[in-house]
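*Asks:* One structure, as structure tokens, below. Some questions next.
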Amino acid sequence: MPDDDGTSQGVLLSGEENAATRVKLEREKRGWSTTVVSDRLNDAGFDMNPSAVWRIENRKRRINLDEAIGFAEIFGVALSNFVGPPGLATMGRAMELIDNVVATYRASHRANHEARRARDQLDAYLAEHPDIREEADVMVSNAIAGEVMKVNDEYGPGSDAEA
């Protein structure tokens, strides 16, 4: 929520501000009254009355995490999308693409970590068996080269995957 001088109190609170804005935006987009929103929240197991919905929309009341989850659920949006900048929320496709970039980054980071761990395990094993190191290194290099060729065929220039 903004300070008296209109400045933001920080990243975490901007998420709360975004959520309050988003409640009103999503409610109005659907043509729902605060009573309809309240009823849907209650049906989904999130206890809230219409007055509380109005107070959240108008920054008279803070929204807690459970309530944010409930709003995201009834509006059918991911929580990360719900607390994101409202300007992007009106561009649903942009949020889908942003979520995809973040998820893909997370998956690649996890895969890189697993690859490092696998290589470390192999290196530890080969340290105990130096007589097979050279042959094992050649096998790993050849296998990785084969995978690189497959990836290039699938995702390289001129592939169908670029579309």
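By convention in this document, the chains of the structure tokens carry letters A, B, ... by their order, each chain's residues are numbered from 1, and ligands are numbered from 1 in the order they are shown.
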Using only C-alpha atoms, which protein or nucleic acid residues come within 9 Å of region 59-71 of chain A? Drop anything in the same chain fewer than 2 positions from it, and give the result as a PDB file with all heavy atoms, in the first residue's frame.
*Replies:*
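Output (around12.pdb):
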```
ATOM      1  N   MET A   1       0.848  -1.177   0.000  1.00  0.00           N
ATOM      2  CA  MET A   1       0.000   0.000   0.000  1.00  0.00           C
ATOM      3  C   MET A   1       0.889   1.233   0.000  1.00  0.00           C
ATOM      4  O   MET A   1       1.940   1.215   0.616  1.00  0.00           O
ATOM      5  CB  MET A   1      -0.908   0.006   1.227  1.00  0.00           C
ATOM      6  CG  MET A   1      -1.962  -1.071   1.165  1.00  0.00           C
ATOM      7  SD  MET A   1      -3.035  -0.970   2.582  1.00  0.00           S
ATOM      8  CE  MET A   1      -3.839  -2.521   2.418  1.00  0.00           C
ATOM      9  N   GLU A  16       0.342  -7.077  -2.434  1.00  0.00           N
ATOM     10  CA  GLU A  16      -0.950  -6.903  -1.768  1.00  0.00           C
ATOM     11  C   GLU A  16      -1.769  -5.807  -2.463  1.00  0.00           C
ATOM     12  O   GLU A  16      -2.969  -5.959  -2.681  1.00  0.00           O
ATOM     13  CB  GLU A  16      -0.723  -6.551  -0.299  1.00  0.00           C
ATOM     14  CG  GLU A  16      -2.011  -6.484   0.490  1.00  0.00           C
ATOM     15  CD  GLU A  16      -1.758  -6.239   1.963  1.00  0.00           C
ATOM     16  OE1 GLU A  16      -0.620  -6.386   2.427  1.00  0.00           O
ATOM     17  OE2 GLU A  16      -2.731  -5.893   2.645  1.00  0.00           O
ATOM     18  N   GLU A  17      -1.110  -4.731  -2.825  1.00  0.00           N
ATOM     19  CA  GLU A  17      -1.775  -3.648  -3.564  1.00  0.00           C
ATOM     20  C   GLU A  17      -2.278  -4.157  -4.911  1.00  0.00           C
ATOM     21  O   GLU A  17      -3.394  -3.867  -5.328  1.00  0.00           O
ATOM     22  CB  GLU A  17      -0.782  -2.491  -3.757  1.00  0.00           C
ATOM     23  CG  GLU A  17      -1.343  -1.295  -4.471  1.00  0.00           C
ATOM     24  CD  GLU A  17      -2.263  -0.458  -3.602  1.00  0.00           C
ATOM     25  OE1 GLU A  17      -2.266  -0.624  -2.381  1.00  0.00           O
ATOM     26  OE2 GLU A  17      -2.989   0.381  -4.178  1.00  0.00           O
ATOM     27  N   ALA A  19      -3.053  -7.209  -5.639  1.00  0.00           N
ATOM     28  CA  ALA A  19      -4.175  -8.118  -5.405  1.00  0.00           C
ATOM     29  C   ALA A  19      -5.464  -7.340  -5.180  1.00  0.00           C
ATOM     30  O   ALA A  19      -6.516  -7.709  -5.718  1.00  0.00           O
ATOM     31  CB  ALA A  19      -3.877  -9.026  -4.211  1.00  0.00           C
ATOM     32  N   ALA A  20      -5.406  -6.258  -4.426  1.00  0.00           N
ATOM     33  CA  ALA A  20      -6.605  -5.451  -4.187  1.00  0.00           C
ATOM     34  C   ALA A  20      -7.143  -4.877  -5.491  1.00  0.00           C
ATOM     35  O   ALA A  20      -8.349  -4.911  -5.760  1.00  0.00           O
ATOM     36  CB  ALA A  20      -6.294  -4.329  -3.192  1.00  0.00           C
ATOM     37  N   THR A  21      -6.233  -4.367  -6.305  1.00  0.00           N
ATOM     38  CA  THR A  21      -6.633  -3.842  -7.619  1.00  0.00           C
ATOM     39  C   THR A  21      -7.214  -4.955  -8.474  1.00  0.00           C
ATOM     40  O   THR A  21      -8.217  -4.782  -9.172  1.00  0.00           O
ATOM     41  CB  THR A  21      -5.421  -3.202  -8.327  1.00  0.00           C
ATOM     42  OG1 THR A  21      -4.920  -2.152  -7.502  1.00  0.00           O
ATOM     43  CG2 THR A  21      -5.789  -2.662  -9.692  1.00  0.00           C
ATOM     44  N   VAL A  23      -8.722  -7.719  -7.542  1.00  0.00           N
ATOM     45  CA  VAL A  23     -10.057  -8.156  -7.103  1.00  0.00           C
ATOM     46  C   VAL A  23     -11.118  -7.345  -7.829  1.00  0.00           C
ATOM     47  O   VAL A  23     -12.053  -7.892  -8.425  1.00  0.00           O
ATOM     48  CB  VAL A  23     -10.225  -8.023  -5.570  1.00  0.00           C
ATOM     49  CG1 VAL A  23     -11.683  -8.202  -5.158  1.00  0.00           C
ATOM     50  CG2 VAL A  23      -9.348  -9.029  -4.839  1.00  0.00           C
ATOM     51  N   VAL A  37     -19.132 -12.255  -5.439  1.00  0.00           N
ATOM     52  CA  VAL A  37     -17.761 -12.641  -5.101  1.00  0.00           C
ATOM     53  C   VAL A  37     -17.738 -13.293  -3.722  1.00  0.00           C
ATOM     54  O   VAL A  37     -17.137 -14.356  -3.532  1.00  0.00           O
ATOM     55  CB  VAL A  37     -16.801 -11.426  -5.150  1.00  0.00           C
ATOM     56  CG1 VAL A  37     -15.433 -11.784  -4.600  1.00  0.00           C
ATOM     57  CG2 VAL A  37     -16.687 -10.897  -6.573  1.00  0.00           C
ATOM     58  N   LEU A  41     -16.614 -17.103  -2.873  1.00  0.00           N
ATOM     59  CA  LEU A  41     -15.552 -17.380  -1.904  1.00  0.00           C
ATOM     60  C   LEU A  41     -16.055 -18.328  -0.817  1.00  0.00           C
ATOM     61  O   LEU A  41     -15.373 -19.301  -0.465  1.00  0.00           O
ATOM     62  CB  LEU A  41     -15.034 -16.086  -1.272  1.00  0.00           C
ATOM     63  CG  LEU A  41     -14.119 -15.228  -2.126  1.00  0.00           C
ATOM     64  CD1 LEU A  41     -13.955 -13.847  -1.521  1.00  0.00           C
ATOM     65  CD2 LEU A  41     -12.765 -15.899  -2.317  1.00  0.00           C
ATOM     66  N   ALA A  44     -16.348 -21.802  -1.955  1.00  0.00           N
ATOM     67  CA  ALA A  44     -15.037 -22.424  -2.137  1.00  0.00           C
ATOM     68  C   ALA A  44     -14.330 -22.666  -0.803  1.00  0.00           C
ATOM     69  O   ALA A  44     -13.201 -23.160  -0.774  1.00  0.00           O
ATOM     70  CB  ALA A  44     -14.169 -21.549  -3.045  1.00  0.00           C
ATOM     71  N   GLY A  45     -14.986 -22.297   0.304  1.00  0.00           N
ATOM     72  CA  GLY A  45     -14.414 -22.542   1.622  1.00  0.00           C
ATOM     73  C   GLY A  45     -13.619 -21.389   2.203  1.00  0.00           C
ATOM     74  O   GLY A  45     -12.862 -21.574   3.158  1.00  0.00           O
ATOM     75  N   PHE A  46     -13.769 -20.203   1.621  1.00  0.00           N
ATOM     76  CA  PHE A  46     -13.071 -19.007   2.122  1.00  0.00           C
ATOM     77  C   PHE A  46     -14.115 -18.050   2.662  1.00  0.00           C
ATOM     78  O   PHE A  46     -14.856 -17.445   1.895  1.00  0.00           O
ATOM     79  CB  PHE A  46     -12.251 -18.362   1.002  1.00  0.00           C
ATOM     80  CG  PHE A  46     -11.220 -19.274   0.408  1.00  0.00           C
ATOM     81  CD1 PHE A  46     -11.503 -20.033  -0.707  1.00  0.00           C
ATOM     82  CD2 PHE A  46      -9.964 -19.377   0.989  1.00  0.00           C
ATOM     83  CE1 PHE A  46     -10.555 -20.884  -1.264  1.00  0.00           C
ATOM     84  CE2 PHE A  46      -9.007 -20.230   0.439  1.00  0.00           C
ATOM     85  CZ  PHE A  46      -9.309 -20.982  -0.675  1.00  0.00           C
ATOM     86  N   ASP A  47     -14.182 -17.918   3.966  1.00  0.00           N
ATOM     87  CA  ASP A  47     -15.221 -17.126   4.618  1.00  0.00           C
ATOM     88  C   ASP A  47     -14.988 -15.630   4.421  1.00  0.00           C
ATOM     89  O   ASP A  47     -13.964 -15.092   4.831  1.00  0.00           O
ATOM     90  CB  ASP A  47     -15.233 -17.460   6.115  1.00  0.00           C
ATOM     91  CG  ASP A  47     -16.386 -16.815   6.847  1.00  0.00           C
ATOM     92  OD1 ASP A  47     -17.471 -16.684   6.244  1.00  0.00           O
ATOM     93  OD2 ASP A  47     -16.202 -16.450   8.024  1.00  0.00           O
ATOM     94  N   MET A  48     -15.934 -14.971   3.736  1.00  0.00           N
ATOM     95  CA  MET A  48     -15.828 -13.527   3.522  1.00  0.00           C
ATOM     96  C   MET A  48     -17.208 -12.960   3.205  1.00  0.00           C
ATOM     97  O   MET A  48     -17.982 -13.570   2.482  1.00  0.00           O
ATOM     98  CB  MET A  48     -14.865 -13.209   2.382  1.00  0.00           C
ATOM     99  CG  MET A  48     -14.655 -11.694   2.230  1.00  0.00           C
ATOM    100  SD  MET A  48     -13.327 -11.262   1.090  1.00  0.00           S
ATOM    101  CE  MET A  48     -11.919 -11.931   1.904  1.00  0.00           C
ATOM    102  N   ALA A  52     -16.407  -7.000   3.261  1.00  0.00           N
ATOM    103  CA  ALA A  52     -14.965  -7.228   3.277  1.00  0.00           C
ATOM    104  C   ALA A  52     -14.393  -7.148   1.853  1.00  0.00           C
ATOM    105  O   ALA A  52     -13.306  -6.612   1.652  1.00  0.00           O
ATOM    106  CB  ALA A  52     -14.647  -8.578   3.907  1.00  0.00           C
ATOM    107  N   VAL A  53     -15.125  -7.669   0.874  1.00  0.00           N
ATOM    108  CA  VAL A  53     -14.682  -7.584  -0.521  1.00  0.00           C
ATOM    109  C   VAL A  53     -14.547  -6.110  -0.906  1.00  0.00           C
ATOM    110  O   VAL A  53     -13.534  -5.688  -1.467  1.00  0.00           O
ATOM    111  CB  VAL A  53     -15.661  -8.314  -1.476  1.00  0.00           C
ATOM    112  CG1 VAL A  53     -15.257  -8.088  -2.933  1.00  0.00           C
ATOM    113  CG2 VAL A  53     -15.732  -9.807  -1.160  1.00  0.00           C
ATOM    114  N   TRP A  54     -15.562  -5.313  -0.591  1.00  0.00           N
ATOM    115  CA  TRP A  54     -15.536  -3.880  -0.917  1.00  0.00           C
ATOM    116  C   TRP A  54     -14.365  -3.194  -0.223  1.00  0.00           C
ATOM    117  O   TRP A  54     -13.648  -2.396  -0.832  1.00  0.00           O
ATOM    118  CB  TRP A  54     -16.853  -3.214  -0.507  1.00  0.00           C
ATOM    119  CG  TRP A  54     -16.888  -1.764  -0.880  1.00  0.00           C
ATOM    120  CD1 TRP A  54     -17.342  -1.218  -2.026  1.00  0.00           C
ATOM    121  CD2 TRP A  54     -16.415  -0.659  -0.077  1.00  0.00           C
ATOM    122  NE1 TRP A  54     -17.181   0.154  -2.012  1.00  0.00           N
ATOM    123  CE2 TRP A  54     -16.618   0.521  -0.827  1.00  0.00           C
ATOM    124  CE3 TRP A  54     -15.844  -0.556   1.187  1.00  0.00           C
ATOM    125  CZ2 TRP A  54     -16.276   1.777  -0.344  1.00  0.00           C
ATOM    126  CZ3 TRP A  54     -15.491   0.701   1.660  1.00  0.00           C
ATOM    127  CH2 TRP A  54     -15.711   1.854   0.897  1.00  0.00           C
ATOM    128  N   ARG A  55     -14.154  -3.520   1.060  1.00  0.00           N
ATOM    129  CA  ARG A  55     -13.065  -2.885   1.814  1.00  0.00           C
ATOM    130  C   ARG A  55     -11.702  -3.251   1.238  1.00  0.00           C
ATOM    131  O   ARG A  55     -10.807  -2.404   1.186  1.00  0.00           O
ATOM    132  CB  ARG A  55     -13.164  -3.240   3.306  1.00  0.00           C
ATOM    133  CG  ARG A  55     -14.354  -2.548   3.977  1.00  0.00           C
ATOM    134  CD  ARG A  55     -14.355  -2.602   5.502  1.00  0.00           C
ATOM    135  NE  ARG A  55     -13.888  -3.829   6.118  1.00  0.00           N
ATOM    136  CZ  ARG A  55     -14.652  -4.865   6.466  1.00  0.00           C
ATOM    137  NH1 ARG A  55     -15.956  -4.815   6.275  1.00  0.00           N
ATOM    138  NH2 ARG A  55     -14.130  -5.922   7.032  1.00  0.00           N
ATOM    139  N   ILE A  56     -11.539  -4.489   0.785  1.00  0.00           N
ATOM    140  CA  ILE A  56     -10.271  -4.894   0.165  1.00  0.00           C
ATOM    141  C   ILE A  56     -10.061  -4.113  -1.125  1.00  0.00           C
ATOM    142  O   ILE A  56      -8.978  -3.564  -1.365  1.00  0.00           O
ATOM    143  CB  ILE A  56     -10.242  -6.418  -0.093  1.00  0.00           C
ATOM    144  CG1 ILE A  56     -10.082  -7.166   1.237  1.00  0.00           C
ATOM    145  CG2 ILE A  56      -9.124  -6.790  -1.059  1.00  0.00           C
ATOM    146  CD1 ILE A  56     -10.301  -8.663   1.149  1.00  0.00           C
ATOM    147  N   GLU A  57     -11.092  -4.065  -1.964  1.00  0.00           N
ATOM    148  CA  GLU A  57     -10.991  -3.341  -3.244  1.00  0.00           C
ATOM    149  C   GLU A  57     -10.621  -1.879  -3.042  1.00  0.00           C
ATOM    150  O   GLU A  57      -9.927  -1.293  -3.863  1.00  0.00           O
ATOM    151  CB  GLU A  57     -12.322  -3.388  -3.990  1.00  0.00           C
ATOM    152  CG  GLU A  57     -12.649  -4.713  -4.607  1.00  0.00           C
ATOM    153  CD  GLU A  57     -13.962  -4.660  -5.382  1.00  0.00           C
ATOM    154  OE1 GLU A  57     -14.610  -3.586  -5.431  1.00  0.00           O
ATOM    155  OE2 GLU A  57     -14.327  -5.691  -5.952  1.00  0.00           O
ATOM    156  N   GLU A  73      -8.453 -18.500  -6.826  1.00  0.00           N
ATOM    157  CA  GLU A  73      -9.206 -19.715  -7.170  1.00  0.00           C
ATOM    158  C   GLU A  73     -10.538 -19.386  -7.841  1.00  0.00           C
ATOM    159  O   GLU A  73     -10.859 -19.934  -8.891  1.00  0.00           O
ATOM    160  CB  GLU A  73      -9.443 -20.547  -5.908  1.00  0.00           C
ATOM    161  CG  GLU A  73     -10.114 -21.874  -6.175  1.00  0.00           C
ATOM    162  CD  GLU A  73     -10.254 -22.701  -4.908  1.00  0.00           C
ATOM    163  OE1 GLU A  73      -9.248 -22.827  -4.170  1.00  0.00           O
ATOM    164  OE2 GLU A  73     -11.356 -23.212  -4.661  1.00  0.00           O
ATOM    165  N   ILE A  74     -11.307 -18.475  -7.260  1.00  0.00           N
ATOM    166  CA  ILE A  74     -12.632 -18.202  -7.853  1.00  0.00           C
ATOM    167  C   ILE A  74     -12.521 -17.463  -9.178  1.00  0.00           C
ATOM    168  O   ILE A  74     -13.402 -17.588 -10.022  1.00  0.00           O
ATOM    169  CB  ILE A  74     -13.588 -17.453  -6.891  1.00  0.00           C
ATOM    170  CG1 ILE A  74     -13.112 -16.033  -6.621  1.00  0.00           C
ATOM    171  CG2 ILE A  74     -13.811 -18.256  -5.621  1.00  0.00           C
ATOM    172  CD1 ILE A  74     -14.191 -15.125  -6.046  1.00  0.00           C
ATOM    173  N   PHE A  75     -11.438 -16.717  -9.370  1.00  0.00           N
ATOM    174  CA  PHE A  75     -11.249 -16.017 -10.639  1.00  0.00           C
ATOM    175  C   PHE A  75     -10.533 -16.894 -11.665  1.00  0.00           C
ATOM    176  O   PHE A  75     -10.396 -16.520 -12.826  1.00  0.00           O
ATOM    177  CB  PHE A  75     -10.477 -14.713 -10.439  1.00  0.00           C
ATOM    178  CG  PHE A  75     -11.230 -13.671  -9.649  1.00  0.00           C
ATOM    179  CD1 PHE A  75     -10.594 -12.947  -8.654  1.00  0.00           C
ATOM    180  CD2 PHE A  75     -12.576 -13.401  -9.897  1.00  0.00           C
ATOM    181  CE1 PHE A  75     -11.275 -11.981  -7.926  1.00  0.00           C
ATOM    182  CE2 PHE A  75     -13.270 -12.443  -9.173  1.00  0.00           C
ATOM    183  CZ  PHE A  75     -12.614 -11.730  -8.183  1.00  0.00           C
ATOM    184  N   GLY A  76     -10.044 -18.057 -11.216  1.00  0.00           N
ATOM    185  CA  GLY A  76      -9.390 -18.992 -12.127  1.00  0.00           C
ATOM    186  C   GLY A  76      -8.045 -18.517 -12.649  1.00  0.00           C
ATOM    187  O   GLY A  76      -7.715 -18.717 -13.810  1.00  0.00           O
ATOM    188  N   VAL A  77      -7.264 -17.873 -11.781  1.00  0.00           N
ATOM    189  CA  VAL A  77      -5.935 -17.411 -12.172  1.00  0.00           C
ATOM    190  C   VAL A  77      -4.903 -17.946 -11.175  1.00  0.00           C
ATOM    191  O   VAL A  77      -5.227 -18.213 -10.024  1.00  0.00           O
ATOM    192  CB  VAL A  77      -5.845 -15.868 -12.243  1.00  0.00           C
ATOM    193  CG1 VAL A  77      -6.785 -15.307 -13.287  1.00  0.00           C
ATOM    194  CG2 VAL A  77      -6.120 -15.222 -10.902  1.00  0.00           C
ATOM    195  N   ALA A  78      -3.674 -18.087 -11.637  1.00  0.00           N
ATOM    196  CA  ALA A  78      -2.593 -18.512 -10.750  1.00  0.00           C
ATOM    197  C   ALA A  78      -2.348 -17.428  -9.710  1.00  0.00           C
ATOM    198  O   ALA A  78      -2.485 -16.235 -10.000  1.00  0.00           O
ATOM    199  CB  ALA A  78      -1.320 -18.764 -11.556  1.00  0.00           C
ATOM    200  N   LEU A  79      -1.991 -17.842  -8.500  1.00  0.00           N
ATOM    201  CA  LEU A  79      -1.740 -16.873  -7.433  1.00  0.00           C
ATOM    202  C   LEU A  79      -0.643 -15.886  -7.829  1.00  0.00           C
ATOM    203  O   LEU A  79      -0.774 -14.691  -7.581  1.00  0.00           O
ATOM    204  CB  LEU A  79      -1.373 -17.591  -6.130  1.00  0.00           C
ATOM    205  CG  LEU A  79      -1.138 -16.700  -4.921  1.00  0.00           C
ATOM    206  CD1 LEU A  79      -2.392 -15.894  -4.586  1.00  0.00           C
ATOM    207  CD2 LEU A  79      -0.707 -17.534  -3.730  1.00  0.00           C
ATOM    208  N   PHE A  82      -2.196 -13.439  -9.962  1.00  0.00           N
ATOM    209  CA  PHE A  82      -3.154 -12.618  -9.208  1.00  0.00           C
ATOM    210  C   PHE A  82      -2.469 -11.464  -8.467  1.00  0.00           C
ATOM    211  O   PHE A  82      -2.997 -10.370  -8.416  1.00  0.00           O
ATOM    212  CB  PHE A  82      -3.916 -13.502  -8.217  1.00  0.00           C
ATOM    213  CG  PHE A  82      -4.939 -12.773  -7.406  1.00  0.00           C
ATOM    214  CD1 PHE A  82      -6.118 -12.331  -7.988  1.00  0.00           C
ATOM    215  CD2 PHE A  82      -4.727 -12.525  -6.062  1.00  0.00           C
ATOM    216  CE1 PHE A  82      -7.070 -11.655  -7.239  1.00  0.00           C
ATOM    217  CE2 PHE A  82      -5.673 -11.847  -5.306  1.00  0.00           C
ATOM    218  CZ  PHE A  82      -6.842 -11.414  -5.902  1.00  0.00           C
ATOM    219  N   VAL A  83      -1.284 -11.714  -7.918  1.00  0.00           N
ATOM    220  CA  VAL A  83      -0.590 -10.669  -7.158  1.00  0.00           C
ATOM    221  C   VAL A  83       0.387  -9.874  -8.014  1.00  0.00           C
ATOM    222  O   VAL A  83       1.045  -8.966  -7.524  1.00  0.00           O
ATOM    223  CB  VAL A  83       0.130 -11.235  -5.910  1.00  0.00           C
ATOM    224  CG1 VAL A  83      -0.854 -11.870  -4.961  1.00  0.00           C
ATOM    225  CG2 VAL A  83       1.220 -12.206  -6.303  1.00  0.00           C
TER     226      VAL A  83
END
```
*Asks:* Just the alpha helix (DSSP H) stuff from region 17-135 of chain A, please, per backbone DSSP, written as a ChimeraX atom specification.
*Replies:* /A:17-30,34-43,50-57,65-75,79-82,86-89,92-128,133-135
*Asks:* From the list A:Glu96, A:Asp123, A:Met149, A:Arg106, which residue is nearest Asp137 (chain A) when using only C-alpha atoms?
*Replies:*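 Of A:Glu96, A:Asp123, A:Met149, A:Arg106, the one nearest Asp137 (chain A), counting only C-alpha atoms, is A:Asp123.
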